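Asks: One structure is given below, represented as structure tokens, and several questions about it will come after.
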Amino acid sequence: MGIFDSGVGGLTVLRQLYQQLPGESIIYFGDTARLPYGIRTQAEIIQFTREIICWMENQGVKMVVMACSTSSALALETVRCEFKVPILGLILPGAVAAVKAGKRIGVIATPATAKSNAYKTSIQEINRDAQVWQVGCPEFVPLIEQNRIDDPYTREVARSYLEPLLEQQIDTLVYGCTHYPHLAKLLRSLVGESVTLVDPGKSVVEACAQELDLLGLRNTYPPLATRFAVSGNPQQFAQSSIQWLGCTPMVELVNLEHTNFNHSQQERDGIITY
């Protein structure tokens with residue numbers, strides 16, 4: 001199965017896949033040459049997502065998990081109609097988990113995700129009595145990608161993002177970007193123990209497991225080693241990933257410029273299915 005994000009954020013979802021679906025073979029793609037996604041236009045996000053999923057289909061994946069809230073918010077509905085492979089996004093599973101957790105819900109997200117109102121709309125479709133406040137956090141992804149999680153500056157940035165949400169006395173905080181669980185310890189120290197932290201990555205993997213069972217696609221063979229690929233610098237990604245994976249991954253460089261979206265649907269007889 002395939003999983004993608006703009007960078008290392010999707011590794012939080014990958015860890016959930018390891019825990020909940022240890023028998024699956026996985027391809028992880030980080031679009032590091034074009035991060036951060038959160039400041040991109042919807043047209044750009046849709047095009048990037050098409051290219052990545054097309055490439056993944058060519059690798060023989062049986063399912064794609066968008067481990068990127070920005071892509072999930074801005075591109076999911078479009079690409080679901082364009083590809084045969086099942087595609088799961090983060091927004092709905094995250095919204096369901098948020099509604100179960102509380103009624104005064106804060107969402108921290110990339111500017112593009114916050115502007116889309118995707119989480120707010122989904123949460124209030126499930127429970128119209130839920131109150132939702134959103135904050136765009138443009139600095140979080142670059143700081144995490146630069147491994148500045150313990151930097152005092154990052155703490156001050158986080159405090160400024162959370163202040164308007166805490167003023168609303170939120171009881172739940174949704175990680176509206178898969179990078180943000182990397183800041184869990186910092187965020188917990190700022191919001192206190194009374195606020196429930198919701199990680200949509202955990203929920204989307206639960207949905208993934210259900211979908212695999214429904215479609216009869218669970219892997220029945222010993223899983224292959226996870227394959228890592230990026231559009232940017234493989235060495236930089238490998239170095240950034242060590243603390244999250246506990247090892248140095250082998251990372252390959254993939255050029256998506258030659259991906260032909262119009263020919264993405266192809267027979268995959270004889271191709272290993274991930």
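Letters A, B, ... go to the chains of the structure tokens in the order shown; residues in each chain start at 1; ligands are counted from 1 in the same order.
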Please identify which residues in range 34-266 of chain A DSSP calls strand (DSSP E) from the backbone, and express them as an MDAnalysis selection string.
Replies: chainID A and resid 64:66 87:88 104:109 131:136 172:176 196:198 227:230 251:253
Asks: Extract the full set of helix (DSSP H, G or I) residues from range 24-166 of chain A according to DSSP on the backbone, and format it as JSON, numbers by chain.
Replies: {"A": [32, 33, 34, 37, 38, 39, 42, 43, 44, 45, 46, 47, 48, 49, 50, 51, 52, 53, 54, 55, 56, 57, 58, 69, 70, 71, 72, 73, 74, 76, 77, 78, 79, 80, 91, 92, 93, 94, 95, 96, 97, 98, 99, 100, 101, 111, 112, 113, 114, 115, 116, 118, 119, 120, 121, 122, 123, 124, 125, 126, 140, 141, 142, 143, 144, 145, 152, 153, 154, 155, 156, 157, 158, 159, 160, 161, 162, 163, 164, 165, 166]}
Asks: Using only C-alpha atoms, can you tell me which of A:Tyr37, A:Phe83, A:Tyr180, A:Phe48 comes closest to Thr113 in chain A?
Replies: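 Using only C-alpha atoms, Thr113 in chain A sits closest to A:Tyr37.
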Asks: Quick one: pull the distance between CA of Thr78 in chain A and CA of Thr49 in chain A, Å, one decimal.
Replies: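 Distance between the two atoms: 9.8 Å.
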Asks: Within 7 Å of Ile45 in chain A, counting only C-alpha atoms, which residues qualify if same-chain residues fewer than 5 places away don't, as a list in words?
Replies: Arg40, Ser71, Leu74 and Ala75 of chain A
Asks: Would you mind exporting the chosen residues as an mmCIF file, in the first residue's frame, restricted to C-alpha atoms?
Replies:
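Output below, filename selection11.cif:
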```
data_model
loop_
_atom_site.group_PDB
_atom_site.id
_atom_site.type_symbol
_atom_site.label_atom_id
_atom_site.label_comp_id
_atom_site.auth_asym_id
_atom_site.auth_seq_id
_atom_site.Cartn_x
_atom_site.Cartn_y
_atom_site.Cartn_z
ATOM 1 C CA ARG A 40 0.260 26.175 -2.058
ATOM 2 C CA SER A 71 -3.998 17.158 0.213
ATOM 3 C CA LEU A 74 -8.025 20.225 -1.148
ATOM 4 C CA ALA A 75 -7.581 17.250 -3.483
#
```
Asks: Leaving out Glu167 in chain A and any residue of its chain fewer than 3 positions from it, which residues lie within 12 Å of it when counting only C-alpha atoms, given as an NGL selection string?
Replies: :A and (104 or 106 or 133 or 159-164 or 170-171 or 191)
Asks: So what do you get for CA of Cys137 in chain A versus CA of Gln169 in chain A, distance-wise?
Replies: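 Separation between CA of Cys137 in chain A and CA of Gln169 in chain A: 19.1 Å.
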Asks: Produce a table with one row for each residue of range 177-198 of chain A that has an atom at most 8 Å from any atom of range 9-21 of chain A, each row naming the nearest atom pair and its distance in Å at one decimal; use only C-alpha atoms; arrange rows by chain and rising residue number; format as a tab-separated table.
Replies:
```
residue	atom	partner	partner_atom	distance
A:Cys177	CA	A:Gly9	CA	7.5
A:Thr178	CA	A:Gly9	CA	4.8
A:His179	CA	A:Gly9	CA	3.6
A:Tyr180	CA	A:Gly9	CA	7.3
A:Pro181	CA	A:Thr12	CA	6.8
A:His182	CA	A:Thr12	CA	7.5
```
Asks: Could you make a table, as CSV, of the residues of range 159-239 of chain A that have an atom within 8 Å of an atom of range 244-259 of chain A, each with its nearest atom pair and distance in Å to one decimal, counting only C-alpha atoms, in chain and number order?
Replies:
```
residue,atom,partner,partner_atom,distance
A:Arg227,CA,A:Val251,CA,7.4
A:Phe228,CA,A:Val251,CA,4.9
A:Ala229,CA,A:Glu252,CA,4.7
A:Val230,CA,A:Leu253,CA,5.3
A:Ser231,CA,A:Val254,CA,5.2
A:Gly232,CA,A:Leu253,CA,6.8
A:Asn233,CA,A:Leu253,CA,7.2
A:Pro234,CA,A:Val251,CA,5.4
A:Gln235,CA,A:Val251,CA,7.3
A:Phe237,CA,A:Val251,CA,7.6
A:Ala238,CA,A:Pro249,CA,5.6
A:Gln239,CA,A:Thr248,CA,6.8
```
Asks: Just to be explicit: take each residue in the selection above, keep N, CA and C atoms, and write the result as a short mmCIF file (atom, residue, chain, number, x, y, z; two decimals), in the first residue's frame.
Replies:
```cif
data_model
loop_
_atom_site.label_atom_id
_atom_site.label_comp_id
_atom_site.auth_asym_id
_atom_site.auth_seq_id
_atom_site.Cartn_x
_atom_site.Cartn_y
_atom_site.Cartn_z
N ARG A 227 9.53 0.70 1.63
CA ARG A 227 10.30 1.39 0.59
C ARG A 227 10.07 2.89 0.74
N PHE A 228 11.15 3.66 0.85
CA PHE A 228 11.06 5.10 1.03
C PHE A 228 11.54 5.81 -0.24
N ALA A 229 10.77 6.81 -0.67
CA ALA A 229 11.13 7.58 -1.85
C ALA A 229 10.78 9.05 -1.60
N VAL A 230 11.57 9.94 -2.19
CA VAL A 230 11.33 11.38 -2.05
C VAL A 230 11.56 12.06 -3.39
N SER A 231 11.04 13.27 -3.51
CA SER A 231 11.27 14.06 -4.72
C SER A 231 12.44 15.01 -4.54
N GLY A 232 12.91 15.18 -3.29
CA GLY A 232 14.01 16.09 -3.00
C GLY A 232 15.29 15.33 -2.65
N ASN A 233 15.94 15.77 -1.59
CA ASN A 233 17.23 15.22 -1.20
C ASN A 233 17.06 13.96 -0.35
N PRO A 234 17.44 12.78 -0.87
CA PRO A 234 17.27 11.54 -0.11
C PRO A 234 18.05 11.51 1.21
N GLN A 235 19.28 12.03 1.18
CA GLN A 235 20.11 12.01 2.38
C GLN A 235 19.51 12.88 3.49
N PHE A 237 16.34 13.62 3.91
CA PHE A 237 15.16 12.95 4.44
C PHE A 237 15.57 11.80 5.36
N ALA A 238 16.56 11.03 4.95
CA ALA A 238 17.02 9.91 5.76
C ALA A 238 17.51 10.39 7.12
N GLN A 239 18.27 11.47 7.11
CA GLN A 239 18.80 12.01 8.36
C GLN A 239 17.67 12.52 9.26
#
```
Asks: Name all residues at most 9 Å from range 93-100 of chain A (count only C-alpha atoms; drop same-chain ones fewer than 3 positions away) and give them as a ChimeraX atom specification.
Replies: /A:89-90,103,105,119-124,126-127,130,172-176,196-207
Asks: Residues at most 8 Å from range 146-148 of chain A, counting only C-alpha atoms, excluding those fewer than 4 positions away in the same chain, as a list of chain:residue names?
Replies: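 Here the qualifying residues turn out to be A:Pro142, A:Thr154, A:Ser240.
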Asks: A:Ile242, A:Val79, A:Ala158, A:Ile3: which is nearest Ala43 in chain A, counting only C-alpha atoms?
Replies: A:Val79
Asks: To one decimal in Å, tell me the separation between CA of Asp213 in chain A and CA of Lys84 in chain A.
Replies: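 According to the coordinates, CA of Asp213 in chain A and CA of Lys84 in chain A are separated by 17.6 Å.
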Asks: Quick one: of A:Gly7, A:Pro152, A:Gly30, A:Gly38, who's nearest to Gly136 in chain A, counting only C-alpha atoms?
Replies: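 Looking at the shortest contact to Gly136 in chain A, the residue is A:Gly38.
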Asks: Of the residues A:Gly102, A:Gly192, A:Pro36, A:Gly60, which is the one nearest to Asp5 in chain A, using only C-alpha atoms?
Replies: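 Under the stated criterion, the closest residue is A:Pro36.
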